[in-house]
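Student: File upload-v6.tsv follows (TSV, C-alpha atoms):
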```tsv
chain	number	residue	atom	x	y	z
A	1	MET	CA	79.05	95.18	85.67
A	2	GLU	CA	78.38	98.95	85.48
A	3	ILE	CA	78.17	99.04	89.25
A	4	GLY	CA	81.56	97.31	89.46
A	5	LEU	CA	83.14	99.93	87.18
A	6	LEU	CA	81.47	102.71	89.15
A	7	LEU	CA	82.85	101.25	92.38
A	8	ILE	CA	86.36	101.04	90.89
A	9	ALA	CA	86.04	104.67	89.70
A	10	GLY	CA	84.76	105.72	93.13
A	11	GLY	CA	87.65	103.87	94.76
A	12	ILE	CA	90.15	105.61	92.47
A	13	ALA	CA	88.69	109.02	93.36
A	14	THR	CA	88.73	108.14	97.07
A	15	GLY	CA	92.35	106.95	96.95
A	16	LEU	CA	93.47	109.89	94.81
A	17	PHE	CA	91.88	112.65	96.87
A	18	GLY	CA	92.64	110.88	100.15
A	19	SER	CA	96.30	110.78	99.15
A	20	LEU	CA	96.37	114.41	97.92
A	21	LEU	CA	94.61	115.73	101.03
A	22	GLY	CA	96.42	113.55	103.56
A	23	LEU	CA	93.20	111.83	104.61
A	24	GLY	CA	92.95	108.13	105.23
A	25	GLY	CA	90.84	106.45	102.57
A	26	GLY	CA	88.19	105.40	105.08
A	27	VAL	CA	86.95	108.94	105.73
A	28	LEU	CA	85.88	109.18	102.09
A	29	LEU	CA	85.23	105.51	101.27
A	30	VAL	CA	82.68	104.70	103.99
A	31	PRO	CA	80.31	107.55	102.97
A	32	LEU	CA	80.79	106.63	99.30
A	33	LEU	CA	79.78	103.01	99.92
A	34	THR	CA	76.98	103.92	102.32
A	35	LEU	CA	75.40	106.86	100.51
A	36	GLY	CA	76.44	106.02	96.92
A	37	PHE	CA	76.03	102.24	96.86
A	38	ASP	CA	73.56	101.83	99.73
A	39	LEU	CA	75.74	99.41	101.67
A	40	PRO	CA	74.98	99.10	105.40
A	41	VAL	CA	77.44	101.20	107.45
A	42	ARG	CA	78.96	98.13	109.12
A	43	GLU	CA	79.57	96.41	105.79
A	44	ALA	CA	81.12	99.62	104.41
A	45	VAL	CA	83.41	99.75	107.44
A	46	GLY	CA	84.53	96.15	106.77
A	47	VAL	CA	85.37	96.99	103.15
A	48	SER	CA	87.13	100.17	104.23
A	49	LEU	CA	89.32	98.37	106.79
A	50	VAL	CA	90.71	96.07	104.07
A	51	CYS	CA	91.38	99.07	101.77
A	52	VAL	CA	93.04	100.99	104.60
A	53	ILE	CA	95.44	98.09	105.28
A	54	ILE	CA	96.44	97.93	101.60
A	55	THR	CA	97.13	101.65	101.20
A	56	SER	CA	98.90	102.03	104.54
A	57	ALA	CA	101.12	98.98	103.92
A	58	ALA	CA	102.14	100.30	100.50
A	59	SER	CA	103.21	103.68	101.89
A	60	ALA	CA	104.63	102.26	105.15
A	61	THR	CA	107.26	100.38	103.16
A	62	VAL	CA	108.48	103.69	101.70
A	63	PHE	CA	108.62	105.31	105.15
A	64	LEU	CA	110.51	102.31	106.57
A	65	ASP	CA	112.98	102.21	103.69
A	66	ARG	CA	113.67	105.92	104.17
A	67	GLY	CA	114.08	105.47	107.93
A	68	VAL	CA	111.34	108.03	108.74
A	69	ALA	CA	108.92	105.70	110.57
A	70	ASN	CA	110.00	104.72	114.11
A	71	LEU	CA	109.48	100.95	114.12
A	72	ARG	CA	109.82	100.51	117.89
A	73	LEU	CA	107.60	103.44	118.84
A	74	GLY	CA	105.04	102.20	116.32
A	75	MET	CA	105.09	98.66	117.70
A	76	VAL	CA	104.72	99.75	121.34
A	77	LEU	CA	101.77	102.00	120.47
A	78	GLU	CA	100.12	99.51	118.13
A	79	LEU	CA	99.87	97.08	121.02
A	80	PHE	CA	97.39	99.57	122.48
A	81	THR	CA	95.69	100.49	119.19
A	82	ALA	CA	95.23	96.74	118.59
A	83	ILE	CA	93.60	96.38	122.03
A	84	GLY	CA	91.30	99.29	121.12
A	85	ALA	CA	90.58	97.73	117.72
A	86	LEU	CA	89.69	94.43	119.37
A	87	VAL	CA	87.25	96.19	121.71
A	88	GLY	CA	85.88	98.40	118.92
A	89	GLY	CA	85.49	95.49	116.48
A	90	THR	CA	83.55	93.58	119.11
A	91	ILE	CA	81.20	96.40	120.14
A	92	ALA	CA	80.64	97.47	116.51
A	93	PHE	CA	78.34	94.46	116.14
A	94	LEU	CA	76.36	95.46	119.22
A	95	LEU	CA	75.72	99.03	118.10
A	96	ASP	CA	72.83	100.23	115.99
A	97	GLU	CA	73.67	101.15	112.37
A	98	ARG	CA	72.15	104.58	112.92
A	99	PHE	CA	74.45	105.23	115.87
A	100	LEU	CA	77.46	104.36	113.67
A	101	ALA	CA	76.16	106.71	110.95
A	102	GLY	CA	75.80	109.49	113.54
A	103	LEU	CA	79.32	108.87	114.84
A	104	PHE	CA	80.64	109.00	111.29
A	105	SER	CA	78.82	112.26	110.70
A	106	LEU	CA	80.68	113.78	113.67
A	107	LEU	CA	83.98	112.45	112.30
A	108	LEU	CA	83.27	114.13	108.94
A	109	VAL	CA	82.52	117.47	110.63
A	110	TYR	CA	85.77	117.21	112.62
A	111	THR	CA	87.73	116.36	109.45
A	112	ALA	CA	86.14	119.26	107.53
A	113	VAL	CA	87.06	121.70	110.32
A	114	THR	CA	90.61	120.30	110.39
A	115	MET	CA	90.93	120.87	106.63
A	116	LEU	CA	89.92	124.52	106.98
A	117	ARG	CA	92.63	125.21	109.55
A	118	PRO	CA	95.82	126.67	108.07
A	119	ARG	CA	98.31	123.80	108.03
A	120	GLY	CA	101.37	125.79	109.18
A	121	ARG	CA	99.52	127.43	112.07
A	122	ALA	CA	98.01	124.15	113.13
A	123	VAL	CA	101.43	122.55	113.42
A	124	ALA	CA	102.99	125.50	115.25
A	125	GLY	CA	99.99	125.84	117.52
A	126	GLU	CA	100.22	122.24	118.58
A	127	GLY	CA	103.63	122.81	120.15
A	128	ALA	CA	105.53	121.02	117.46
A	129	ALA	CA	108.62	119.26	118.64
A	130	ALA	CA	110.74	119.55	115.56
A	131	GLU	CA	113.84	117.46	115.21
A	132	GLY	CA	116.66	119.15	117.00
A	133	ASP	CA	114.24	121.25	119.08
A	134	PRO	CA	116.12	122.19	122.28
A	135	ALA	CA	113.04	121.16	124.27
A	136	ASP	CA	113.68	117.62	123.18
A	137	ALA	CA	116.99	117.62	125.00
A	138	GLN	CA	115.05	117.51	128.28
A	139	PRO	CA	114.01	113.91	128.73
A	140	GLN	CA	110.76	113.68	130.63
A	141	THR	CA	109.85	110.11	129.93
A	142	SER	CA	110.88	107.14	132.02
A	143	ARG	CA	114.49	106.21	131.37
A	144	THR	CA	113.74	102.58	130.76
A	145	ARG	CA	115.24	100.56	127.93
A	146	LEU	CA	111.80	100.45	126.33
A	147	GLY	CA	111.53	104.24	126.67
A	148	ASP	CA	114.95	104.60	125.02
A	149	ALA	CA	113.94	102.23	122.24
A	150	MET	CA	110.83	104.29	121.50
A	151	SER	CA	112.81	107.50	121.16
A	152	GLY	CA	114.76	108.65	118.14
A	153	GLY	CA	118.33	109.94	117.82
A	154	THR	CA	117.26	113.59	118.05
A	155	TYR	CA	114.01	113.34	119.99
A	156	ARG	CA	112.67	111.60	123.05
A	157	ALA	CA	109.16	110.16	123.20
A	158	ARG	CA	107.44	111.55	126.29
A	159	ASN	CA	104.26	110.70	128.21
A	160	PRO	CA	104.12	107.03	127.18
A	161	ILE	CA	101.09	106.31	129.39
A	162	ALA	CA	99.04	109.10	127.77
A	163	GLY	CA	100.23	107.78	124.39
A	164	ALA	CA	99.01	104.29	125.29
A	165	VAL	CA	95.59	105.60	126.38
A	166	GLY	CA	95.34	107.62	123.16
A	167	GLY	CA	96.29	104.46	121.26
A	168	VAL	CA	93.37	102.52	122.72
A	169	GLY	CA	91.03	105.39	121.75
A	170	GLY	CA	92.47	105.49	118.22
A	171	GLY	CA	91.99	101.73	117.87
A	172	VAL	CA	88.34	101.90	118.97
A	173	MET	CA	87.65	104.72	116.49
A	174	SER	CA	89.37	102.81	113.69
A	175	ALA	CA	87.32	99.68	114.32
A	176	LEU	CA	83.99	101.47	114.62
A	177	LEU	CA	84.42	103.78	111.63
A	178	GLY	CA	86.75	101.92	109.26
A	179	ILE	CA	89.42	104.60	109.36
A	180	GLY	CA	93.16	104.21	109.84
A	181	GLY	CA	93.26	106.06	113.12
A	182	GLY	CA	95.78	108.68	111.98
A	183	LEU	CA	93.32	111.43	112.94
A	184	VAL	CA	93.86	110.35	116.55
A	185	MET	CA	97.37	108.91	116.54
A	186	VAL	CA	99.24	111.73	114.76
A	187	PRO	CA	98.09	114.34	117.34
A	188	VAL	CA	98.73	111.87	120.19
A	189	MET	CA	102.31	111.22	119.07
A	190	HIS	CA	103.08	114.76	118.01
A	191	VAL	CA	101.33	116.86	120.66
A	192	VAL	CA	101.25	114.51	123.66
A	193	MET	CA	104.41	112.46	123.14
A	194	ARG	CA	106.30	115.33	121.47
A	195	VAL	CA	107.48	113.24	118.54
A	196	PRO	CA	108.37	115.30	115.43
A	197	LEU	CA	105.40	115.64	113.07
A	198	ARG	CA	107.17	113.94	110.16
A	199	VAL	CA	108.01	110.89	112.30
A	200	ALA	CA	104.52	110.88	113.89
A	201	THR	CA	102.84	110.87	110.47
A	202	ALA	CA	105.07	108.11	109.09
A	203	THR	CA	104.83	106.00	112.27
A	204	SER	CA	101.04	106.39	112.41
A	205	ASN	CA	100.84	105.20	108.81
A	206	PHE	CA	102.98	102.18	109.67
A	207	MET	CA	100.73	101.30	112.66
A	208	ILE	CA	97.48	101.36	110.69
A	209	GLY	CA	98.03	97.84	109.30
A	210	VAL	CA	98.01	96.05	112.66
A	211	THR	CA	95.21	98.25	114.05
A	212	ALA	CA	92.92	97.71	111.06
A	213	SER	CA	93.90	94.06	110.70
A	214	THR	CA	92.87	93.27	114.31
A	215	SER	CA	89.36	94.66	113.86
A	216	ALA	CA	89.06	93.43	110.25
A	217	ILE	CA	89.64	89.88	111.52
A	218	VAL	CA	86.68	90.30	113.91
A	219	TYR	CA	84.59	91.65	110.99
A	220	LEU	CA	85.72	88.76	108.77
A	221	MET	CA	84.84	86.09	111.32
A	222	ARG	CA	81.40	87.65	111.88
A	223	GLY	CA	80.60	87.88	108.17
A	224	GLY	CA	81.13	91.65	108.05
A	225	ILE	CA	83.37	91.64	104.95
A	226	ASP	CA	81.84	91.20	101.50
A	227	PRO	CA	84.46	90.09	98.93
A	228	TYR	CA	82.42	91.28	95.91
A	229	ALA	CA	82.22	94.83	97.29
A	230	THR	CA	85.76	94.76	98.69
A	231	GLY	CA	87.50	93.70	95.45
A	232	PRO	CA	86.61	96.61	93.12
A	233	ALA	CA	86.86	99.15	95.96
A	234	ALA	CA	90.32	97.89	96.98
A	235	ILE	CA	91.66	97.97	93.41
A	236	GLY	CA	90.30	101.48	92.89
A	237	VAL	CA	91.67	102.84	96.17
A	238	PHE	CA	95.08	101.22	95.56
A	239	VAL	CA	95.39	102.73	92.05
A	240	GLY	CA	94.08	106.14	93.19
A	241	ALA	CA	96.46	106.30	96.16
A	242	ALA	CA	99.43	105.29	93.97
A	243	VAL	CA	98.64	108.04	91.44
A	244	GLY	CA	97.98	110.57	94.21
A	245	SER	CA	101.32	109.95	95.92
A	246	ARG	CA	103.12	110.46	92.59
A	247	ILE	CA	101.42	113.75	91.67
A	248	ALA	CA	100.98	115.19	95.19
A	249	HIS	CA	104.05	117.43	94.96
A	250	ARG	CA	102.78	118.96	91.68
A	251	VAL	CA	99.26	119.78	92.87
A	252	ASP	CA	98.27	122.93	94.74
A	253	VAL	CA	95.84	121.48	97.25
A	254	GLY	CA	94.75	124.84	98.73
A	255	VAL	CA	91.54	125.11	96.69
A	256	LEU	CA	91.04	121.35	96.83
A	257	ARG	CA	91.00	121.47	100.65
A	258	LEU	CA	88.31	124.16	100.63
A	259	LEU	CA	86.25	122.20	98.12
A	260	PHE	CA	86.54	119.00	100.11
A	261	ALA	CA	85.72	120.74	103.39
A	262	ALA	CA	82.41	121.68	101.72
A	263	VAL	CA	81.92	118.16	100.32
A	264	LEU	CA	82.66	116.59	103.72
A	265	SER	CA	80.25	118.98	105.44
A	266	TYR	CA	77.47	118.05	103.00
A	267	THR	CA	78.31	114.34	103.42
A	268	ALA	CA	78.17	114.81	107.20
A	269	PHE	CA	74.66	116.25	106.73
A	270	LEU	CA	73.61	113.21	104.65
A	271	MET	CA	75.06	110.79	107.21
A	272	ALA	CA	73.29	112.68	110.00
A	273	ARG	CA	70.01	112.30	108.07
A	274	ARG	CA	70.68	108.57	107.81
A	275	ALA	CA	71.42	108.44	111.54
A	276	LEU	CA	68.11	110.14	112.24
A	277	GLY	CA	66.27	107.82	109.88
A	278	VAL	CA	65.35	110.63	107.44
A	279	GLN	CA	65.44	109.34	103.86
B	1	MET	CA	124.86	111.94	115.50
B	2	THR	CA	124.12	108.61	117.11
B	3	PRO	CA	121.85	106.45	115.00
B	4	SER	CA	118.44	106.19	116.60
B	5	PRO	CA	117.11	102.85	117.66
B	6	GLY	CA	114.04	103.51	115.61
B	7	THR	CA	115.42	105.20	112.58
B	8	GLY	CA	119.10	104.43	112.41
B	9	ARG	CA	121.12	102.23	110.07
B	10	GLY	CA	122.95	99.01	110.89
B	11	PRO	CA	121.19	96.07	112.62
B	12	ALA	CA	118.12	98.20	113.37
B	13	HIS	CA	117.85	99.19	109.73
B	14	ARG	CA	118.23	95.57	108.65
B	15	LEU	CA	115.18	94.71	110.77
B	16	GLU	CA	113.23	97.58	109.22
B	17	ALA	CA	114.26	96.37	105.75
B	18	THR	CA	113.01	92.85	106.60
B	19	VAL	CA	109.70	94.20	107.93
B	20	SER	CA	109.35	96.38	104.83
B	21	ARG	CA	109.99	93.36	102.58
B	22	VAL	CA	107.29	91.31	104.35
B	23	LEU	CA	104.83	94.19	103.89
B	24	LYS	CA	105.69	94.57	100.20
B	25	VAL	CA	105.39	90.86	99.37
B	26	GLY	CA	102.12	90.40	101.33
B	27	THR	CA	100.46	93.55	100.03
B	28	TYR	CA	101.36	93.10	96.37
B	29	ALA	CA	100.50	89.38	96.40
B	30	GLY	CA	97.17	90.20	98.08
B	31	ILE	CA	96.30	93.01	95.68
B	32	GLY	CA	97.33	90.79	92.74
B	33	LEU	CA	94.90	88.07	93.83
B	34	ILE	CA	92.13	90.64	94.42
B	35	ALA	CA	92.77	92.12	90.94
B	36	LEU	CA	92.46	88.63	89.45
B	37	GLY	CA	89.22	88.12	91.40
B	38	VAL	CA	87.82	91.42	90.08
B	39	LEU	CA	88.77	90.43	86.52
B	40	LEU	CA	86.92	87.12	86.98
B	41	MET	CA	83.94	89.05	88.41
B	42	VAL	CA	83.80	91.08	85.19
B	43	VAL	CA	84.08	87.91	83.04
B	44	ASP	CA	81.41	86.22	85.19
B	45	GLY	CA	79.11	89.26	85.02
B	46	ARG	CA	79.04	89.58	88.84
B	47	SER	CA	78.00	92.82	90.52
B	48	PRO	CA	79.62	94.09	93.75
B	49	LEU	CA	76.10	94.15	95.16
B	50	ASP	CA	75.48	90.42	94.51
B	51	VAL	CA	75.39	88.17	97.55
B	52	ALA	CA	78.87	86.63	97.83
B	53	PRO	CA	79.47	83.10	99.11
B	54	SER	CA	80.73	83.12	102.68
B	55	LEU	CA	84.32	82.17	103.42
B	56	ASP	CA	84.84	78.41	103.55
B	57	PRO	CA	88.56	77.62	103.77
B	58	GLY	CA	87.92	73.95	102.99
B	59	ARG	CA	86.40	74.82	99.61
B	60	LEU	CA	89.00	77.42	98.61
B	61	PRO	CA	91.36	75.07	96.66
B	62	ALA	CA	88.49	73.62	94.60
B	63	ASP	CA	87.00	77.09	93.97
B	64	LEU	CA	90.42	78.41	92.94
B	65	ALA	CA	90.81	75.53	90.50
B	66	ALA	CA	87.35	76.30	89.12
B	67	LEU	CA	88.39	79.98	88.70
B	68	ARG	CA	85.54	81.24	90.89
B	69	PRO	CA	85.98	85.00	91.51
B	70	SER	CA	85.00	84.76	95.17
B	71	ALA	CA	87.86	82.30	95.85
B	72	PHE	CA	90.51	84.69	94.50
B	73	LEU	CA	88.91	87.62	96.33
B	74	TRP	CA	88.78	85.70	99.62
B	75	LEU	CA	92.38	84.52	99.28
B	76	GLY	CA	93.51	88.08	98.48
B	77	VAL	CA	91.60	89.50	101.45
B	78	LEU	CA	93.04	86.81	103.75
B	79	LEU	CA	96.56	87.57	102.52
B	80	VAL	CA	96.04	91.32	103.08
B	81	LEU	CA	94.74	90.70	106.61
B	82	ALA	CA	97.61	88.29	107.38
B	83	THR	CA	100.33	90.69	106.22
B	84	PRO	CA	100.44	92.99	109.29
B	85	PRO	CA	100.60	90.03	111.74
B	86	ALA	CA	103.31	88.52	109.51
B	87	ARG	CA	105.43	91.65	109.79
B	88	VAL	CA	104.94	91.60	113.60
B	89	LEU	CA	106.16	88.00	113.56
B	90	ALA	CA	109.18	89.03	111.45
B	91	ALA	CA	109.95	91.80	113.96
B	92	LEU	CA	109.54	89.35	116.87
B	93	ILE	CA	112.12	87.01	115.32
B	94	GLY	CA	114.46	89.97	114.74
B	95	TYR	CA	114.13	91.17	118.33
B	96	LEU	CA	114.74	87.66	119.69
B	97	ARG	CA	117.87	87.36	117.55
B	98	GLY	CA	119.04	90.77	118.70
B	99	SER	CA	118.28	89.90	122.36
B	100	GLU	CA	115.85	92.84	122.67
B	101	ARG	CA	113.71	91.18	125.32
B	102	GLU	CA	111.30	94.09	125.94
B	103	MET	CA	110.51	94.62	122.26
B	104	ALA	CA	110.15	90.86	121.74
B	105	ILE	CA	107.55	90.81	124.54
B	106	VAL	CA	105.72	93.76	122.93
B	107	ALA	CA	105.66	91.95	119.55
B	108	ALA	CA	104.44	88.72	121.18
B	109	LEU	CA	101.67	90.58	123.01
B	110	ILE	CA	100.51	92.18	119.73
B	111	LEU	CA	100.20	88.71	118.22
B	112	VAL	CA	98.22	87.58	121.28
B	113	VAL	CA	95.79	90.52	120.84
B	114	ILE	CA	95.36	89.69	117.12
B	115	ALA	CA	94.73	86.04	118.04
B	116	LEU	CA	92.11	87.23	120.54
B	117	GLY	CA	90.45	89.00	117.59
B	118	VAL	CA	90.00	85.58	115.94
B	119	VAL	CA	88.51	84.23	119.17
B	120	ALA	CA	86.22	87.26	119.60
B	121	GLY	CA	85.07	86.99	115.99
B	122	THR	CA	84.46	83.25	116.20
B	123	THR	CA	82.57	83.30	119.48
B	124	GLY	CA	80.35	86.17	118.35
B	125	SER	CA	79.50	84.81	114.90
```
Could I get this structure in the form of structure tokens?
Tutor:
Amino acid sequence: MEIGLLLIAGGIATGLFGSLLGLGGGVLLVPLLTLGFDLPVREAVGVSLVCVIITSAASATVFLDRGVANLRLGMVLELFTAIGALVGGTIAFLLDERFLAGLFSLLLVYTAVTMLRPRGRAVAGEGAAAEGDPADAQPQTSRTRLGDAMSGGTYRARNPIAGAVGGVGGGVMSALLGIGGGLVMVPVMHVVMRVPLRVATATSNFMIGVTASTSAIVYLMRGGIDPYATGPAAIGVFVGAAVGSRIAHRVDVGVLRLLFAAVLSYTAFLMARRALGVQ
Amino acid sequence: MTPSPGTGRGPAHRLEATVSRVLKVGTYAGIGLIALGVLLMVVDGRSPLDVAPSLDPGRLPADLAALRPSAFLWLGVLLVLATPPARVLAALIGYLRGSEREMAIVAALILVVIALGVVAGTTGS
């Protein structure tokens, strides 16, 4: 009973801070379940995948209603993220738990470093293709009907093959680590395919459902999803993310980002210890 | 400015509205069932760390009738997992109606990959 309430509270915190900091819930939830509740990494990933689908679906509806997410671009890319998720979901059951913990530790270090980078500079430095950017008037992608469908009114999606390869990589990462895949797909769409950041973020969010669902089905069929652990975590994450999205514009996240970079670094250390078998 | 195929209004926007509706209904129904399951867990004195019964679709109706928490949790999880494929199916129907052959093929292929996930999960379990 107390553990259930603790898990709901942990889920709320995960959803709230994930929403405020622009992180997918999985980056915070998997370490919470693994280190805080002593769940095996693979079981924590299964729980996280379900939570990630719920939170992404809830926000994807807003992005779709506002016309920010590019449905066609998202669907073409999610074909490849789903292929990656299928491969990742399958090999996740062949890998050692300690290897997964080590991989997650690296992900946490990468996320912590990303959070310390100034947001404005990061966007500018990645060659942002803002809407209406004159560079976007130079179509470099194939002029097929599918290529046209993937592009927006004021931008053209470029390098579709590189985008597809990135999609497979994002899907594998999502399935192995229980994350949405936005850490991979937003840079792929924005930097490689030159899609405006706002559209890339919204479209990535929209794609998470199919990516996570494909691997979660593999986890479900192989007994990798525990309903008793999933229920309280999912409710907590859903409530936390809903509150976070409502108060995000009123919160100065500058200090919060620094604090969480430190927390993620320490969590990475703990996950690395687990990977090395040090208790 | 010409409406974009991906973000514009008109028929394209109607498809996005349909997809959005499928996501909303599936997600909120799923989370509602999971919330009910969690409530029953509390009433039943179950811990998240207890060993849960494995999914047995044949027993779900009887377990739901008996108000077993695991049944509501399983049904909620299944609904959540089925929602993204359902919105792909909704998009597929929309593309077929709009004679967008390439996008219809993409949507159909996504459903094939998801179905392969069921096969991969079943054969490996």
Student: Would you mind listing what lies within 12 Å of Leu75 (chain B) as a ChimeraX atom specification, with only C-alpha atoms counted and same-chain residues fewer than 4 positions away left out?
Tutor: /A:227,231 /B:26,29-37,55-57,59-61,63-64,68-71,79-82
Student: Include C-alpha atoms and write out the residues we just selected as a CSV table (one decimal), in the frame of the given file.
Tutor:
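And here is the file that came out, part-v3.csv:
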```
chain,number,residue,atom,x,y,z
A,227,PRO,CA,84.5,90.1,98.9
A,231,GLY,CA,87.5,93.7,95.4
B,26,GLY,CA,102.1,90.4,101.3
B,29,ALA,CA,100.5,89.4,96.4
B,30,GLY,CA,97.2,90.2,98.1
B,31,ILE,CA,96.3,93.0,95.7
B,32,GLY,CA,97.3,90.8,92.7
B,33,LEU,CA,94.9,88.1,93.8
B,34,ILE,CA,92.1,90.6,94.4
B,35,ALA,CA,92.8,92.1,90.9
B,36,LEU,CA,92.5,88.6,89.4
B,37,GLY,CA,89.2,88.1,91.4
B,55,LEU,CA,84.3,82.2,103.4
B,56,ASP,CA,84.8,78.4,103.6
B,57,PRO,CA,88.6,77.6,103.8
B,59,ARG,CA,86.4,74.8,99.6
B,60,LEU,CA,89.0,77.4,98.6
B,61,PRO,CA,91.4,75.1,96.7
B,63,ASP,CA,87.0,77.1,94.0
B,64,LEU,CA,90.4,78.4,92.9
B,68,ARG,CA,85.5,81.2,90.9
B,69,PRO,CA,86.0,85.0,91.5
B,70,SER,CA,85.0,84.8,95.2
B,71,ALA,CA,87.9,82.3,95.8
B,79,LEU,CA,96.6,87.6,102.5
B,80,VAL,CA,96.0,91.3,103.1
B,81,LEU,CA,94.7,90.7,106.6
B,82,ALA,CA,97.6,88.3,107.4
```
Student: For a quick test of understanding: name the residues of chain B lying within 8 Å of chain A when counting all atoms listed in the file, and present them as an MDAnalysis selection string.
Tutor: chainID B and resid 1:8 13 16:17 20:21 23:24 27 31 34:35 37:38 41:42 45:52 54 70 73:74 77 80:82 84:85 102:103 106:107 109:110 113:114 116:118 120:122 124:125
Student: If you count all atoms listed in the file, which residues fall within 12 Å of Thr18 (chain B), apart from same-chain ones fewer than 6 positions away, as a short mmCIF file (atom, residue, chain, number, x, y, z; two decimals) with C-alpha atoms, in the coordinates of the input?
Tutor:
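See result_5.cif below for the written result:
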```cif
data_model
loop_
_atom_site.label_atom_id
_atom_site.label_comp_id
_atom_site.auth_asym_id
_atom_site.auth_seq_id
_atom_site.Cartn_x
_atom_site.Cartn_y
_atom_site.Cartn_z
CA THR A 61 107.26 100.38 103.16
CA LEU A 64 110.51 102.31 106.57
CA ASP A 65 112.98 102.21 103.69
CA LEU A 71 109.48 100.95 114.12
CA PRO B 11 121.19 96.07 112.62
CA ALA B 12 118.12 98.20 113.37
CA LYS B 24 105.69 94.57 100.20
CA VAL B 25 105.39 90.86 99.37
CA ALA B 86 103.31 88.52 109.51
CA ARG B 87 105.43 91.65 109.79
CA VAL B 88 104.94 91.60 113.60
CA LEU B 89 106.16 88.00 113.56
CA ALA B 90 109.18 89.03 111.45
CA ALA B 91 109.95 91.80 113.96
CA LEU B 92 109.54 89.35 116.87
CA ILE B 93 112.12 87.01 115.32
CA GLY B 94 114.46 89.97 114.74
CA TYR B 95 114.13 91.17 118.33
#
```
Student: Report, in Å with one decimal, the straight-line distance from CA of Val112 (chain B) to CA of Ile179 (chain A).
Tutor: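 Distance reported for this atom pair: 22.6 Å.
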Student: CA of Ala262 (chain A) and CA of Arg274 (chain A) are how many Å apart?
Tutor: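 Computed distance, CA of Ala262 (chain A) to CA of Arg274 (chain A), equals 18.6 Å.
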Student: Quote the spacing between CA of Thr201 (chain A) and CA of Val41 (chain A) in Å to one decimal place.
Tutor: 27.3 Å
Student: If we count all atoms listed in the file and set the cut-off at 10 Å, which residues sit around Ala13 (chain A), ignoring sequence neighbours fewer than 2 positions away in its own chain? Please answer as a PyMOL selection string.
Tutor: chain A and resi 7-11+15-19+25+28-29+236-237+239-241+244
Student: Can you give me N, CA, C and O atoms for region 70-79 of chain B, written as a tab-separated table (two decimals), keeping the file's coordinate frame?
Tutor:
```
chain	number	residue	atom	x	y	z
B	70	SER	N	85.03	84.60	93.71
B	70	SER	CA	85.00	84.76	95.17
B	70	SER	C	86.22	84.10	95.83
B	70	SER	O	86.74	84.61	96.84
B	71	ALA	N	86.71	83.00	95.25
B	71	ALA	CA	87.86	82.30	95.85
B	71	ALA	C	89.11	83.18	95.79
B	71	ALA	O	89.85	83.28	96.77
B	72	PHE	N	89.33	83.82	94.64
B	72	PHE	CA	90.51	84.69	94.50
B	72	PHE	C	90.37	85.93	95.40
B	72	PHE	O	91.34	86.39	95.99
B	73	LEU	N	89.14	86.44	95.48
B	73	LEU	CA	88.91	87.62	96.33
B	73	LEU	C	89.14	87.27	97.80
B	73	LEU	O	89.82	88.00	98.53
B	74	TRP	N	88.60	86.11	98.23
B	74	TRP	CA	88.78	85.70	99.62
B	74	TRP	C	90.26	85.48	99.94
B	74	TRP	O	90.75	85.92	100.99
B	75	LEU	N	90.96	84.80	99.03
B	75	LEU	CA	92.38	84.52	99.28
B	75	LEU	C	93.17	85.83	99.36
B	75	LEU	O	94.06	85.99	100.22
B	76	GLY	N	92.84	86.77	98.45
B	76	GLY	CA	93.51	88.08	98.48
B	76	GLY	C	93.25	88.83	99.77
B	76	GLY	O	94.16	89.38	100.40
B	77	VAL	N	91.97	88.81	100.20
B	77	VAL	CA	91.60	89.50	101.45
B	77	VAL	C	92.33	88.85	102.64
B	77	VAL	O	92.89	89.54	103.50
B	78	LEU	N	92.36	87.51	102.65
B	78	LEU	CA	93.04	86.81	103.75
B	78	LEU	C	94.53	87.17	103.78
B	78	LEU	O	95.11	87.38	104.86
B	79	LEU	N	95.13	87.24	102.59
B	79	LEU	CA	96.56	87.57	102.52
B	79	LEU	C	96.81	89.01	103.02
B	79	LEU	O	97.77	89.26	103.76
```
